[in-house]
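Reproduced below: work.tsv, with TSV, C-alpha atoms.
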chain	number	residue	atom	x	y	z
A	1	MET	CA	-31.28	-37.68	79.23
A	2	LEU	CA	-29.05	-36.62	82.11
A	3	PHE	CA	-30.13	-37.28	85.71
A	4	ILE	CA	-28.26	-35.34	88.41
A	5	LEU	CA	-28.37	-36.93	91.85
A	6	GLY	CA	-29.24	-35.28	95.12
A	7	GLY	CA	-26.29	-35.19	97.51
A	8	GLY	CA	-22.85	-36.53	96.77
A	9	SER	CA	-22.32	-39.72	98.74
A	10	LYS	CA	-22.51	-43.33	97.57
A	11	GLU	CA	-25.64	-43.69	99.73
A	12	ASP	CA	-27.29	-40.73	97.95
A	13	TYR	CA	-26.33	-42.25	94.61
A	14	ALA	CA	-27.86	-45.62	95.57
A	15	ALA	CA	-31.07	-43.97	96.82
A	16	ASP	CA	-31.52	-41.95	93.64
A	17	ALA	CA	-30.71	-44.99	91.50
A	18	ASN	CA	-34.23	-46.15	92.39
A	19	LEU	CA	-35.64	-42.94	90.92
A	20	VAL	CA	-33.56	-43.42	87.78
A	21	ALA	CA	-34.76	-47.04	87.46
A	22	SER	CA	-38.38	-45.90	87.78
A	23	LEU	CA	-37.89	-43.23	85.13
A	24	GLN	CA	-36.12	-45.61	82.74
A	25	GLU	CA	-38.82	-48.26	83.21
A	26	LYS	CA	-41.64	-45.78	82.53
A	27	LEU	CA	-39.92	-44.25	79.49
A	28	GLY	CA	-38.67	-47.48	77.97
A	29	GLU	CA	-35.97	-47.76	75.35
A	30	VAL	CA	-36.91	-44.52	73.60
A	31	TYR	CA	-34.83	-42.65	76.21
A	32	GLN	CA	-31.45	-43.51	77.65
A	33	VAL	CA	-30.97	-42.14	81.16
A	34	HIS	CA	-27.36	-41.17	81.85
A	35	TYR	CA	-26.80	-41.25	85.63
A	36	PRO	CA	-23.22	-40.41	86.60
A	37	PHE	CA	-21.91	-40.47	90.15
A	38	LEU	CA	-20.86	-36.93	91.05
A	39	PRO	CA	-18.82	-36.94	94.25
A	40	ALA	CA	-18.93	-33.94	96.57
A	41	GLU	CA	-15.72	-32.00	96.01
A	42	LYS	CA	-14.21	-29.58	98.51
A	43	THR	CA	-15.52	-26.44	96.78
A	44	PRO	CA	-18.43	-24.21	97.85
A	45	ASP	CA	-20.70	-25.79	95.20
A	46	PHE	CA	-19.31	-29.34	95.73
A	47	GLY	CA	-17.87	-29.04	92.21
A	48	ARG	CA	-21.34	-29.45	90.75
A	49	LYS	CA	-21.26	-26.68	88.13
A	50	LYS	CA	-18.06	-28.07	86.62
A	51	GLN	CA	-19.31	-31.67	86.86
A	52	ILE	CA	-22.68	-30.86	85.31
A	53	GLY	CA	-21.00	-29.01	82.45
A	54	LYS	CA	-18.76	-31.99	81.75
A	55	GLN	CA	-21.70	-34.42	81.76
A	56	ILE	CA	-23.79	-32.21	79.49
A	57	SER	CA	-20.90	-32.04	77.01
A	58	LEU	CA	-20.91	-35.85	76.75
A	59	ILE	CA	-24.52	-36.03	75.53
A	60	LYS	CA	-25.15	-35.86	71.80
A	61	GLY	CA	-28.15	-34.07	70.34
A	62	LYS	CA	-31.11	-32.69	72.25
A	63	ILE	CA	-30.93	-33.17	75.98
A	64	VAL	CA	-33.50	-33.69	78.73
A	65	LEU	CA	-32.22	-32.58	82.15
A	66	VAL	CA	-33.57	-34.13	85.34
A	67	GLY	CA	-32.39	-33.37	88.85
A	68	HIS	CA	-33.34	-34.48	92.33
A	69	SER	CA	-32.93	-32.40	95.47
A	70	LEU	CA	-29.43	-30.83	95.56
A	71	GLY	CA	-28.94	-31.99	91.97
A	72	ALA	CA	-32.08	-30.12	90.90
A	73	SER	CA	-30.98	-26.89	92.56
A	74	MET	CA	-27.51	-27.21	91.05
A	75	LEU	CA	-28.99	-27.74	87.58
A	76	LEU	CA	-30.83	-24.42	88.02
A	77	LYS	CA	-27.64	-22.77	89.20
A	78	TYR	CA	-25.68	-24.16	86.25
A	79	LEU	CA	-28.31	-23.15	83.68
A	80	SER	CA	-28.66	-19.63	85.11
A	81	GLU	CA	-24.91	-18.97	85.42
A	82	THR	CA	-23.40	-20.79	82.46
A	83	GLY	CA	-24.03	-20.34	78.78
A	84	ILE	CA	-25.17	-23.61	77.25
A	85	ARG	CA	-25.17	-24.30	73.54
A	86	LYS	CA	-26.92	-27.64	73.57
A	87	LYS	CA	-30.57	-27.79	72.62
A	88	ILE	CA	-32.51	-28.56	75.80
A	89	ALA	CA	-35.85	-30.34	75.34
A	90	GLY	CA	-36.94	-29.78	78.94
A	91	VAL	CA	-35.81	-29.42	82.54
A	92	PHE	CA	-37.46	-31.56	85.25
A	93	LEU	CA	-36.67	-30.72	88.87
A	94	ILE	CA	-37.73	-32.95	91.76
A	95	ALA	CA	-37.84	-31.87	95.44
A	96	THR	CA	-35.74	-28.78	94.69
A	97	PRO	CA	-34.35	-26.83	97.65
A	98	PHE	CA	-34.57	-23.04	97.44
A	99	TRP	CA	-31.36	-22.13	99.22
A	100	SER	CA	-31.21	-19.01	101.38
A	101	GLY	CA	-29.41	-17.79	104.47
A	102	GLU	CA	-26.06	-16.41	105.49
A	103	GLU	CA	-24.36	-19.64	106.52
A	104	ASP	CA	-21.03	-20.11	104.73
A	105	TRP	CA	-21.82	-23.69	103.69
A	106	LYS	CA	-24.91	-22.55	101.72
A	107	GLN	CA	-23.24	-19.82	99.67
A	108	GLY	CA	-22.17	-22.12	96.82
A	109	PHE	CA	-25.79	-23.25	96.33
A	110	ILE	CA	-27.70	-19.95	96.47
A	111	LEU	CA	-29.06	-18.67	93.17
A	112	HIS	CA	-28.46	-15.08	92.05
A	113	LYS	CA	-31.45	-12.79	92.56
A	114	ASP	CA	-31.93	-12.52	88.79
A	115	PHE	CA	-31.52	-16.26	88.12
A	116	ALA	CA	-34.95	-16.54	86.49
A	117	ASP	CA	-33.97	-14.00	83.82
A	118	LYS	CA	-30.80	-15.94	83.01
A	119	LEU	CA	-32.40	-19.34	82.37
A	120	PRO	CA	-32.58	-20.52	78.74
A	121	LYS	CA	-35.68	-19.12	77.06
A	122	GLN	CA	-38.32	-21.35	75.45
A	123	VAL	CA	-37.24	-24.40	77.49
A	124	PRO	CA	-40.08	-26.13	79.37
A	125	LEU	CA	-39.39	-26.10	83.11
A	126	PHE	CA	-41.18	-28.52	85.45
A	127	PHE	CA	-41.03	-28.71	89.24
A	128	TYR	CA	-42.29	-31.65	91.33
A	129	HIS	CA	-42.65	-31.61	95.11
A	130	SER	CA	-44.34	-33.88	97.60
A	131	LYS	CA	-46.36	-32.24	100.37
A	132	ASP	CA	-44.97	-34.74	102.87
A	133	ASP	CA	-41.28	-34.21	101.98
A	134	LYS	CA	-39.43	-34.15	105.31
A	135	GLU	CA	-36.06	-33.16	103.78
A	136	VAL	CA	-37.00	-30.18	101.61
A	137	PRO	CA	-40.05	-28.31	102.92
A	138	PHE	CA	-42.96	-27.92	100.50
A	139	GLU	CA	-42.70	-24.14	100.90
A	140	HIS	CA	-39.60	-24.24	98.69
A	141	LEU	CA	-41.84	-25.05	95.72
A	142	GLU	CA	-43.86	-21.93	96.55
A	143	GLN	CA	-40.65	-19.87	96.39
A	144	TYR	CA	-39.94	-21.16	92.90
A	145	ALA	CA	-43.54	-20.45	91.88
A	146	LYS	CA	-43.01	-16.78	92.77
A	147	CYS	CA	-39.77	-16.52	90.81
A	148	LEU	CA	-40.80	-18.63	87.81
A	149	PRO	CA	-44.49	-17.99	87.09
A	150	THR	CA	-44.35	-19.77	83.71
A	151	ALA	CA	-42.91	-23.00	85.13
A	152	THR	CA	-45.18	-26.03	85.44
A	153	LEU	CA	-45.59	-27.03	89.09
A	154	ARG	CA	-46.67	-30.53	90.08
A	155	THR	CA	-47.74	-31.22	93.65
A	156	ILE	CA	-47.67	-34.77	94.96
A	157	SER	CA	-49.83	-35.50	98.02
A	158	LYS	CA	-47.74	-38.35	99.42
A	159	GLY	CA	-44.40	-39.79	98.45
A	160	GLY	CA	-41.84	-38.12	100.65
A	161	HIS	CA	-38.50	-36.88	99.42
A	162	GLN	CA	-37.99	-39.92	97.18
A	163	PHE	CA	-41.54	-39.89	95.70
A	164	ASN	CA	-41.95	-43.51	96.81
A	165	ASN	CA	-39.41	-44.25	94.04
A	166	ASP	CA	-42.09	-43.63	91.42
A	167	LEU	CA	-41.41	-41.03	88.74
A	168	SER	CA	-44.34	-41.94	86.47
A	169	LEU	CA	-45.61	-38.34	86.57
A	170	VAL	CA	-42.20	-37.05	85.49
A	171	ALA	CA	-42.04	-39.66	82.71
A	172	LYS	CA	-45.48	-38.63	81.49
A	173	ASP	CA	-44.39	-34.98	81.28
A	174	ILE	CA	-41.17	-35.92	79.46
A	175	GLU	CA	-43.16	-37.94	76.92
A	176	SER	CA	-45.47	-34.97	76.35
A	177	LEU	CA	-42.64	-32.86	74.88
Once you've parsed the file, please lay out its structure as C-alpha cells.
Amino acid sequence: MLFILGGGSKEDYAADANLVASLQEKLGEVYQVHYPFLPAEKTPDFGRKKQIGKQISLIKGKIVLVGHSLGASMLLKYLSETGIRKKIAGVFLIATPFWSGEEDWKQGFILHKDFADKLPKQVPLFFYHSKDDKEVPFEHLEQYAKCLPTATLRTISKGGHQFNNDLSLVAKDIESL
C-alpha cells in the first residue's frame, strides 16, 4: 500500500503520519503501508507526478493507493495523465481538493476536463470527506460526485481535515476488496 501525504512540508508529513499509523493499526500485518516523504519541488505540480510514479514503481505486486488532501488530488492527476501498468486493487482518497481557478499556483494541480475518462477502468475508487473540514470545503466532494458517478463516496459527520486521526472506515473499505 502506498500512502501519499497532503502538502509537502515536514509538518504535513508528521500530521499525516498519524493517519498512516491509524490505517496500519486497523489493517494489521496483512498490509504494509509505505509512507514516503515527498518534498515540495519548485515545479507547478510540486514534482508530485514524478514522485508518485517513482514510489509506485517500488511496490511489488498489486497496489492499494491512498492519498490525503493534496496527495489525494495528485494521485487522481497521476492516474488520469500517466499510463500505469501495475495492478491497482483500489484507490482511497481522503479530503480531496477539487482544484479550479485561474491562479498560476493552481495550474499544476487542476485535472483535465476529461480526467474521469482517463482513470484506470475496473479499479474501485473511494472518496472520504468530513462535513466539518475547514481546509477543503465539503462541496469539493460534491464536485467529484458529479464527475465520477460510479465512485463510492463516504461522508463523515465530524472529524475535520485529519478525520480525528482515525481511518477505520478507510481500513474497512480496503479490507472489503
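With all atoms listed in the file taken into account, the protein and nucleic acid residues at most 7 Å from segment 119-127 of chain A (excluding it and anything under 3 positions from it in its own chain) are Leu79, Ser80, Ile88, Ala89, Gly90, Val91, Phe92, Leu93, Ile94, Phe115, Ala116, Ala151, Thr152, Leu153 and Arg154 of chain A.
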Please put the answer as JSON: centre and edge lengths, in Å with one decimal, of a box along x, y and z that encloses all listed atoms of segment 133-149 of chain A plus 8 Å on each side.
{"center_x": -40.3, "center_y": -25.4, "center_z": 96.2, "size_x": 24.4, "size_y": 33.7, "size_z": 34.2}
Could you work out how far atom CA of Ser73 of chain A lies from atom CA of Leu23 of chain A, giving the answer in Å with one decimal?
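Pair atom CA of Leu23 of chain A / atom CA of Ser73 of chain A returns 19.2 Å.
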If we count all atoms listed in the file and set the cut-off at 12 Å, which residues sit around Leu75 of chain A, ignoring sequence neighbours fewer than 2 positions away in its own chain? Please answer as a ChimeraX atom specification.
/A:2-6,45,48-53,55-56,64-73,77-82,84,90-94,96-97,109-111,115,119-120,125
What gap, in Å, lies between atom CA of Ala171 of chain A and atom CA of Glu139 of chain A?
23.9 Å
Env of Pro137 of chain A: 10 Å cut, atoms = all atoms listed in the file, seq-sep filter 4 positions within chain, self excluded. Answer as an NGL selection string.
:A and (95-98 or 129-133 or 141-142 or 161)
What's around Leu167 of chain A at 10 Å? Count only C-alpha atoms, leave out sequence neighbours fewer than 2 positions away in its own chain, and write the answer as a list in words.
Asn18, Leu19, Val20, Ala21, Ser22, Leu23, Gln24, Glu25, Lys26, Leu27, Ile94, Tyr128, Gln162, Phe163, Asn164, Asn165, Leu169, Val170, Ala171 and Lys172 of chain A
Prev. selection, C-alpha atoms, output as a compact mmCIF listing (two decimals), keeping the file's coordinate frame:
# COMPACT_ATOMS: atom_id res chain seq x y z
CA ASN A 18 -34.23 -46.15 92.39
CA LEU A 19 -35.64 -42.94 90.92
CA VAL A 20 -33.56 -43.42 87.78
CA ALA A 21 -34.76 -47.04 87.46
CA SER A 22 -38.38 -45.90 87.78
CA LEU A 23 -37.89 -43.23 85.13
CA GLN A 24 -36.12 -45.61 82.74
CA GLU A 25 -38.82 -48.26 83.21
CA LYS A 26 -41.64 -45.78 82.53
CA LEU A 27 -39.92 -44.25 79.49
CA ILE A 94 -37.73 -32.95 91.76
CA TYR A 128 -42.29 -31.65 91.33
CA GLN A 162 -37.99 -39.92 97.18
CA PHE A 163 -41.54 -39.89 95.70
CA ASN A 164 -41.95 -43.51 96.81
CA ASN A 165 -39.41 -44.25 94.04
CA LEU A 169 -45.61 -38.34 86.57
CA VAL A 170 -42.20 -37.05 85.49
CA ALA A 171 -42.04 -39.66 82.71
CA LYS A 172 -45.48 -38.63 81.49
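Here atom CA of Gly101 of chain A stands at a distance of 20.1 Å from atom CA of Lys42 of chain A.
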